[in-house]
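A.B. asks: File coords.cif follows (mmCIF, C-alpha atoms):
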```
data_start
loop_
_atom_site.label_atom_id
_atom_site.label_comp_id
_atom_site.auth_asym_id
_atom_site.auth_seq_id
_atom_site.Cartn_x
_atom_site.Cartn_y
_atom_site.Cartn_z
CA MET L 3 -2.15 -58.05 18.07
CA THR L 4 -5.00 -57.77 20.59
CA PRO L 5 -8.07 -55.65 19.80
CA SER L 6 -7.08 -53.05 22.39
CA ALA L 7 -3.59 -52.75 20.91
CA GLU L 8 -5.17 -52.46 17.48
CA ASN L 9 -7.40 -49.65 18.68
CA ARG L 10 -4.45 -47.79 20.21
CA ALA L 11 -2.48 -48.13 16.98
CA GLN L 12 -5.45 -46.98 14.96
CA GLY L 13 -5.93 -44.01 17.32
CA ALA L 14 -2.26 -43.07 17.00
CA ALA L 15 -2.55 -43.23 13.23
CA ASP L 16 -5.65 -41.05 13.26
CA GLN L 17 -4.23 -38.45 15.67
CA PRO L 18 -2.23 -36.39 13.11
CA THR L 19 -5.23 -36.31 10.82
CA ALA L 20 -7.45 -35.03 13.63
CA SER L 21 -4.86 -32.42 14.62
CA GLN L 22 -4.53 -31.29 11.04
CA ALA L 23 -8.30 -30.98 10.73
CA GLN L 24 -8.40 -28.90 13.92
CA PHE L 25 -5.64 -26.65 12.57
CA GLU L 26 -7.45 -26.16 9.25
CA THR L 27 -10.73 -25.43 11.04
CA GLY L 28 -8.99 -22.92 13.29
CA ALA L 29 -7.36 -21.23 10.30
CA ARG L 30 -10.70 -20.97 8.52
CA ASN L 31 -12.35 -19.55 11.63
CA SER L 32 -9.54 -17.01 12.08
CA LEU L 33 -9.82 -15.94 8.45
CA ALA L 34 -13.60 -15.65 8.72
CA PHE L 35 -13.20 -13.60 11.90
CA PHE L 36 -10.70 -11.32 10.16
CA PHE L 37 -13.03 -10.61 7.23
CA GLU L 38 -15.96 -10.17 9.61
CA ARG L 39 -13.97 -7.52 11.49
CA LEU L 40 -12.73 -5.94 8.28
CA PHE L 41 -16.15 -5.57 6.67
CA ARG L 42 -18.34 -5.14 9.74
CA ARG L 43 -18.86 -1.47 8.83
CA PRO L 44 -20.30 -0.40 5.45
CA LEU L 45 -17.56 2.12 4.56
CA PRO L 46 -14.70 -0.44 4.28
CA ARG L 47 -16.98 -2.61 2.12
CA VAL L 48 -17.71 0.29 -0.22
CA ALA L 49 -14.01 1.22 -0.29
CA PHE L 50 -13.00 -2.36 -1.14
CA VAL L 51 -15.50 -2.56 -4.00
CA LEU L 52 -14.39 0.80 -5.37
CA LEU L 53 -10.68 -0.15 -5.23
CA LEU L 54 -11.49 -3.47 -6.89
CA ILE L 55 -13.26 -1.64 -9.72
CA ILE L 56 -10.29 0.74 -10.13
CA ALA L 57 -7.83 -2.16 -10.19
CA LEU L 58 -9.86 -4.12 -12.75
CA ALA L 59 -10.36 -1.01 -14.90
CA ALA L 60 -6.60 -0.38 -14.88
CA LEU L 61 -5.87 -4.01 -15.71
CA PHE L 62 -8.30 -4.20 -18.63
CA ALA L 63 -7.92 -0.59 -19.80
CA PRO L 64 -6.98 -1.44 -23.45
CA TRP L 65 -10.14 -3.53 -23.84
CA ILE L 66 -12.54 -1.16 -22.02
CA SER L 67 -11.92 2.08 -23.91
CA PRO L 68 -12.17 2.28 -27.72
CA TYR L 69 -9.89 5.35 -27.83
CA ASP L 70 -6.12 5.67 -27.85
CA PRO L 71 -5.06 7.45 -24.63
CA ILE L 72 -1.98 9.00 -26.30
CA LYS L 73 -2.96 9.83 -29.90
CA PRO L 74 -4.26 13.43 -30.22
CA ASP L 75 -7.35 14.46 -32.16
CA PHE L 76 -7.23 18.24 -32.54
CA SER L 77 -10.70 18.37 -34.11
CA ALA L 78 -12.16 17.08 -30.81
CA ALA L 79 -10.13 19.29 -28.46
CA ARG L 80 -11.78 20.30 -25.16
CA GLN L 81 -15.11 18.67 -25.84
CA ALA L 82 -17.43 18.48 -22.84
CA PRO L 83 -18.55 15.09 -21.48
CA SER L 84 -21.01 13.47 -23.88
CA ALA L 85 -22.23 10.10 -25.07
CA GLU L 86 -19.21 9.84 -27.38
CA HIS L 87 -16.67 10.90 -24.74
CA ALA L 88 -18.00 10.04 -21.28
CA PHE L 89 -15.47 12.22 -19.44
CA GLY L 90 -14.86 14.69 -22.25
CA THR L 91 -11.55 15.32 -24.05
CA ASP L 92 -8.39 17.17 -23.06
CA ASP L 93 -6.65 20.15 -24.65
CA ILE L 94 -5.50 18.17 -27.71
CA GLY L 95 -8.56 15.96 -28.12
CA ARG L 96 -7.52 12.81 -26.27
CA ASP L 97 -10.32 10.90 -24.58
CA MET L 98 -10.28 11.58 -20.84
CA PHE L 99 -11.86 8.25 -19.92
CA ALA L 100 -9.11 6.32 -21.72
CA ARG L 101 -6.43 8.42 -20.03
CA ILE L 102 -8.03 7.98 -16.60
CA LEU L 103 -7.95 4.20 -17.03
CA VAL L 104 -4.28 4.16 -18.02
CA GLY L 105 -3.45 6.69 -15.30
CA ALA L 106 -4.90 4.28 -12.74
CA ARG L 107 -2.05 1.90 -13.55
CA VAL L 108 0.45 4.59 -12.57
CA SER L 109 -1.34 5.15 -9.26
CA LEU L 110 -1.37 1.43 -8.50
CA MET L 111 2.35 1.22 -9.32
CA ALA L 112 2.88 4.22 -7.03
CA ALA L 113 1.23 2.24 -4.24
CA ILE L 114 3.22 -0.96 -4.75
CA ILE L 115 6.79 -0.10 -5.77
CA PRO L 116 7.65 2.59 -3.17
CA LEU L 117 6.05 0.52 -0.41
CA SER L 118 8.15 -2.48 -1.43
CA ILE L 119 11.31 -0.37 -1.23
CA SER L 120 10.35 1.06 2.16
CA ILE L 121 9.36 -2.31 3.64
CA VAL L 122 12.30 -4.34 2.33
CA ILE L 123 14.86 -1.80 3.62
CA GLY L 124 13.11 -0.02 6.49
CA VAL L 125 11.64 -2.92 8.47
CA PRO L 126 14.84 -5.06 8.70
CA LEU L 127 16.83 -1.90 9.48
CA GLY L 128 14.48 -0.97 12.33
CA LEU L 129 14.42 -4.52 13.70
CA LEU L 130 18.20 -4.71 13.64
CA SER L 131 18.53 -1.34 15.34
CA GLY L 132 16.06 -2.21 18.10
CA LEU L 133 17.47 -5.67 18.73
CA VAL L 134 21.22 -5.07 18.61
CA LYS L 135 21.23 -1.60 20.22
CA GLY L 136 24.58 -0.03 21.14
CA TRP L 137 26.63 2.02 18.67
CA LEU L 138 24.92 0.46 15.63
CA ASP L 139 21.54 1.65 16.91
CA ASP L 140 22.96 5.16 17.37
CA VAL L 141 24.33 5.29 13.82
CA ILE L 142 21.13 3.98 12.22
CA MET L 143 18.93 6.34 14.24
CA CYS L 144 21.16 9.30 13.40
CA CYS L 145 20.74 8.62 9.67
CA LEU L 146 16.97 8.12 10.01
CA ASP L 147 16.57 11.30 12.06
CA ALA L 148 18.42 13.20 9.33
CA LEU L 149 15.84 11.98 6.80
CA LEU L 150 12.97 12.86 9.10
CA ALA L 151 14.31 16.36 9.71
CA PHE L 152 13.07 17.49 6.29
CA PRO L 153 9.41 17.86 5.30
CA ARG L 154 8.46 14.69 3.48
CA ILE L 155 7.18 16.15 0.22
CA ILE L 156 10.13 18.58 0.00
CA LEU L 157 12.60 15.72 0.40
CA ILE L 158 10.75 13.63 -2.22
CA ILE L 159 10.85 16.52 -4.69
CA ALA L 160 14.57 17.07 -4.00
CA ILE L 161 15.49 13.41 -4.54
CA ALA L 162 13.31 13.10 -7.64
CA GLY L 163 14.83 16.28 -9.08
CA LEU L 164 18.33 14.98 -8.36
CA LEU L 165 17.62 11.62 -10.03
CA GLY L 166 15.87 13.19 -13.02
CA PRO L 167 12.25 13.42 -14.18
CA SER L 168 10.79 9.96 -14.82
CA LEU L 169 8.23 7.66 -13.24
CA THR L 170 10.89 5.20 -12.05
CA ASN L 171 12.92 7.91 -10.33
CA ALA L 172 9.79 9.38 -8.76
CA LEU L 173 8.81 6.02 -7.28
CA ILE L 174 12.37 5.44 -6.03
CA ALA L 175 12.35 8.86 -4.35
CA ILE L 176 9.03 8.12 -2.62
CA GLY L 177 10.35 4.72 -1.50
CA ILE L 178 13.58 6.18 -0.08
CA VAL L 179 11.73 8.81 1.95
CA GLY L 180 9.36 6.13 3.28
CA ILE L 181 12.21 4.08 4.77
CA ALA L 182 12.71 6.26 7.86
CA PRO L 183 9.14 6.19 9.28
CA LEU L 184 8.84 2.42 8.82
CA ALA L 185 12.28 1.81 10.30
CA ARG L 186 11.46 3.89 13.38
CA LEU L 187 8.14 2.06 13.78
CA ALA L 188 9.86 -1.34 13.50
CA ARG L 189 12.54 -0.25 15.98
CA GLY L 190 9.97 0.87 18.54
CA LEU L 191 8.02 -2.37 18.19
CA ALA L 192 11.23 -4.40 18.42
CA LEU L 193 12.32 -2.58 21.59
CA SER L 194 8.93 -3.26 23.14
CA ALA L 195 8.89 -6.92 22.08
CA SER L 196 12.47 -7.53 23.24
CA GLU L 197 11.30 -7.19 26.85
CA GLU L 198 8.57 -9.81 26.46
CA ASP L 199 8.89 -13.17 28.18
CA TYR L 200 9.05 -15.18 24.97
CA VAL L 201 12.07 -13.18 23.74
CA LEU L 202 13.82 -13.46 27.12
CA ALA L 203 13.19 -17.21 27.08
CA ALA L 204 14.62 -17.48 23.56
CA ARG L 205 17.75 -15.61 24.69
CA ALA L 206 18.09 -17.89 27.69
CA LEU L 207 17.98 -20.90 25.38
CA GLY L 208 20.86 -19.46 23.34
CA SER L 209 18.98 -18.21 20.26
CA SER L 210 20.93 -15.78 18.10
CA ASN L 211 19.73 -12.23 17.43
CA TRP L 212 18.86 -13.15 13.83
CA ARG L 213 16.73 -16.08 14.95
CA ILE L 214 14.97 -13.99 17.60
CA MET L 215 14.31 -11.26 15.05
CA LEU L 216 12.95 -13.56 12.33
CA ALA L 217 11.21 -16.26 14.37
CA HIS L 218 9.90 -14.35 17.39
CA ILE L 219 9.76 -10.57 16.99
CA PHE L 220 8.85 -10.09 13.32
CA PRO L 221 5.75 -12.36 13.33
CA ASN L 222 4.41 -10.48 16.36
CA ILE L 223 4.78 -6.99 14.90
CA THR L 224 3.54 -7.79 11.38
CA ALA L 225 -0.04 -6.69 12.11
CA ALA L 226 1.05 -3.24 13.29
CA ILE L 227 3.27 -2.79 10.22
CA ILE L 228 0.44 -3.85 7.87
CA VAL L 229 -1.93 -1.33 9.45
CA THR L 230 0.63 1.49 9.20
CA VAL L 231 1.47 0.64 5.59
CA SER L 232 -2.19 0.49 4.57
CA LEU L 233 -2.81 3.94 6.04
CA ASP L 234 0.25 5.32 4.24
CA ILE L 235 -0.78 4.21 0.74
CA GLY L 236 -3.02 7.25 0.23
CA GLY L 237 -0.13 9.60 0.99
CA ILE L 238 2.08 7.75 -1.49
CA ILE L 239 -0.52 8.09 -4.25
CA LEU L 240 -0.78 11.81 -3.50
CA ALA L 241 3.02 12.13 -3.55
CA GLU L 242 3.22 10.54 -7.01
CA ALA L 243 0.43 12.81 -8.25
CA THR L 244 2.30 15.82 -6.85
CA LEU L 245 5.53 14.84 -8.63
CA SER L 246 3.66 14.30 -11.90
CA PHE L 247 1.89 17.65 -11.43
CA LEU L 248 5.32 19.31 -11.11
CA GLY L 249 6.71 17.46 -14.13
CA LEU L 250 9.02 15.20 -12.08
CA GLY L 251 6.97 12.03 -12.52
CA ILE L 252 5.79 10.23 -15.64
CA GLN L 253 6.56 12.22 -18.77
CA PRO L 254 4.16 13.20 -21.61
CA PRO L 255 2.43 11.86 -23.57
CA ASN L 256 1.95 9.03 -21.06
CA PRO L 257 -1.01 9.80 -18.79
CA SER L 258 -0.88 10.30 -15.05
CA TRP L 259 -3.62 11.73 -12.88
CA GLY L 260 -1.27 14.36 -11.49
CA SER L 261 -0.05 15.52 -14.89
CA MET L 262 -3.63 15.58 -16.18
CA VAL L 263 -4.60 17.94 -13.35
CA ALA L 264 -1.62 20.14 -14.29
CA VAL L 265 -2.72 20.30 -17.93
CA GLY L 266 -6.29 21.18 -17.00
CA ASN L 267 -5.09 23.92 -14.66
CA ARG L 268 -4.88 26.22 -17.68
CA TYR L 269 -8.51 25.56 -18.68
CA LEU L 270 -10.37 25.70 -15.36
CA GLN L 271 -12.83 28.30 -16.64
CA THR L 272 -13.39 27.01 -20.18
CA ALA L 273 -12.95 23.22 -19.74
CA PRO L 274 -12.98 22.40 -16.00
CA TRP L 275 -13.49 18.64 -16.57
CA ILE L 276 -9.86 18.29 -17.69
CA SER L 277 -8.77 18.87 -14.08
CA LEU L 278 -11.92 17.79 -12.24
CA VAL L 279 -12.03 14.26 -13.65
CA PRO L 280 -8.48 13.19 -12.64
CA GLY L 281 -8.81 15.18 -9.40
CA THR L 282 -11.96 13.25 -8.54
CA ALA L 283 -10.19 9.97 -9.39
CA ILE L 284 -7.36 10.86 -6.99
CA PHE L 285 -9.84 11.83 -4.28
CA LEU L 286 -11.91 8.63 -4.58
CA THR L 287 -8.85 6.38 -4.66
CA VAL L 288 -7.13 7.97 -1.67
CA MET L 289 -10.37 8.09 0.32
CA SER L 290 -11.06 4.41 -0.44
CA VAL L 291 -7.53 3.40 0.58
CA ASN L 292 -7.84 5.31 3.86
CA LEU L 293 -11.25 3.81 4.65
CA LEU L 294 -9.98 0.30 3.93
CA GLY L 295 -6.94 1.05 6.08
CA ASP L 296 -9.25 1.98 8.95
CA GLY L 297 -11.02 -1.35 8.49
CA LEU L 298 -7.69 -3.20 8.58
CA ARG L 299 -6.78 -1.38 11.77
CA ASP L 300 -10.04 -2.52 13.38
CA ALA L 301 -9.46 -6.09 12.20
CA LEU L 302 -5.80 -6.41 13.21
CA ASP L 303 -5.36 -4.14 16.22
CA PRO L 304 -5.65 -6.35 19.34
CA TYR L 305 -6.83 -3.37 21.43
CA LEU L 306 -9.84 -2.86 19.16
CA ARG L 307 -10.88 -6.47 18.63
CA ASN L 308 -12.92 -6.73 21.79
CA ARG L 309 -14.82 -3.47 21.29
#
```
Written as structure tokens, how would this file's structure read?

C.D. replies:
Amino acid sequence: MTPSAENRAQGAADQPTASQAQFETGARNSLAFFFERLFRRPLPRVAFVLLLIIALAALFAPWISPYDPIKPDFSAARQAPSAEHAFGTDDIGRDMFARILVGARVSLMAAIIPLSISIVIGVPLGLLSGLVKGWLDDVIMCCLDALLAFPRIILIIAIAGLLGPSLTNALIAIGIVGIAPLARLARGLALSASEEDYVLAARALGSSNWRIMLAHIFPNITAAIIVTVSLDIGGIILAEATLSFLGLGIQPPNPSWGSMVAVGNRYLQTAPWISLVPGTAIFLTVMSVNLLGDGLRDALDPYLRNR
């Protein structure tokens, strides 16, 4: 083999490696650009740190607090915040700090499980409706419009009451009600994307509806769905707290921020910390989620990237 042929062979052998290196460099640059956009403002950074602290506190709750969050101590009932009990005690002497930590787990579950139900059912349903159209689109939209005709919190309370009071049923009710908005969003995005050139080209090449939906439309609408979901998490946490406040969520003696607010409602004048502490936890968590959602919108929305 001549030297020039050897060089060409060597160059051909090195080409995939160079392409792979370029791809990895581009991926790293895209990821760095995403985090730069996400944390370019101080509020999303603060929100991320606060949510990280809440998540870690919920994860390591049994090792952080020396008190049992369920066992009562009637001799320490309604004690004000002190060095012994940082957030005070509730009406039957349970440490509020320990109950806040365990209640954070419920709020995190409220953010994950209903969203999973809504995404897994709502997004494919909306994509199918927007892509297939015709009578199937009419039937799906009729069912979704029926769900959207009721006020969201009223429908959640009705479904949770029908299923029975428990945390699982409360999360299922929140997830069911969240299907319709996500499905309508996915349908609108699918209808818009179905007129794009890349979808028309895929149809011309004989691609099936399923392939177009999974390979072409879904990857291009993922960012919009992520932004919408991130901004909806705060409402889901509030919905779970509302159900627990009404006695339709997690049942005593297990702690939930909503049920803790309900218990303290009877002692607002004599022991206000029983309601103020979990209420503040709800406020900080929802505010942090919303601020981080705004940062995600700035990072993922193509109309805001160049501003």

A.B. asks: With all atoms listed in the file as the basis for distance, which of L:Gly281, L:Gly295, L:Gly237, L:Pro44 is at the shortest distance from L:Met262?

C.D. replies: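 Going through L:Gly281, L:Gly295, L:Gly237, L:Pro44 one by one, the smallest distance to L:Met262 is for L:Gly281.
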
A.B. asks: Enter the distance from atom CA of L:Ile238 to atom CA of L:Leu58, in Å, rounded to one decimal.

C.D. replies: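 Answer for the atom CA of L:Ile238 to atom CA of L:Leu58 separation: 20.3 Å.
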
A.B. asks: I need the output of the PyMOL selection byres ((chain L and resi 80) around 12) for this file as a PyMOL selection string; which residues are they?

C.D. replies: chain L and resi 74-79+81-84+87+89-98+265-266+268-277

A.B. asks: Could you state the separation of atom CA of L:Phe152 and atom CA of L:Val229 in Å, given to one decimal place?

C.D. replies: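 Atom CA of L:Val229 lies 24.3 Å from atom CA of L:Phe152.
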
A.B. asks: Choose the residue, out of L:Ala185, L:Ala151, L:Val104, L:Ala243, that has the smallest atom-to-atom separation from L:Leu173; count only C-alpha atoms.

C.D. replies: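 Ranked by minimum distance to L:Leu173, first place goes to L:Ala243.
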
A.B. asks: With the file shown as input, list the residues that the PyMOL selection byres ((chain L and resi 167) around 10) selects, as number ranges by chain.

C.D. replies: L: 162-166, 168-172, 245-246, 248-253

A.B. asks: Limited to C-alpha atoms, could you put the picked residues into a file as a compact mmCIF listing (two decimals), in the coordinates of the input?

C.D. replies:
```txt
# COMPACT_ATOMS: atom_id res chain seq x y z
CA ALA L 162 13.31 13.10 -7.64
CA GLY L 163 14.83 16.28 -9.08
CA LEU L 164 18.33 14.98 -8.36
CA LEU L 165 17.62 11.62 -10.03
CA GLY L 166 15.87 13.19 -13.02
CA SER L 168 10.79 9.96 -14.82
CA LEU L 169 8.23 7.66 -13.24
CA THR L 170 10.89 5.20 -12.05
CA ASN L 171 12.92 7.91 -10.33
CA ALA L 172 9.79 9.38 -8.76
CA LEU L 245 5.53 14.84 -8.63
CA SER L 246 3.66 14.30 -11.90
CA LEU L 248 5.32 19.31 -11.11
CA GLY L 249 6.71 17.46 -14.13
CA LEU L 250 9.02 15.20 -12.08
CA GLY L 251 6.97 12.03 -12.52
CA ILE L 252 5.79 10.23 -15.64
CA GLN L 253 6.56 12.22 -18.77
```

A.B. asks: Can you measure atom CA of L:Leu146 to atom CA of L:Pro221 for me? One decimal in Å is fine.

C.D. replies: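 Interatomic distance here is 23.6 Å.
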
A.B. asks: Quick check on the file I pasted: which residues fall under the PyMOL selection byres ((chain L and resi 225) around 10)? Write them as number ranges by chain.

C.D. replies: L: 220-224, 226-231, 298-299, 301-304

A.B. asks: Within 10 Å of L:Ser67, counting all atoms listed in the file, which residues qualify if same-chain residues fewer than 6 places away don't, as a VMD selection string?

C.D. replies: chain L and resid 59 97 99 to 101 103 to 104

A.B. asks: Find the smallest box with edges along x, y and z containing every listed atom of stretch 101-106 of chain L, then add 4 Å on each side and report centre and edge lengths in Å to one decimal, as lines of an AutoDock Vina configuration file.

C.D. replies:
```
center_x = -5.7
center_y = 6.3
center_z = -16.4
size_x = 12.6
size_y = 12.3
size_z = 15.3
```
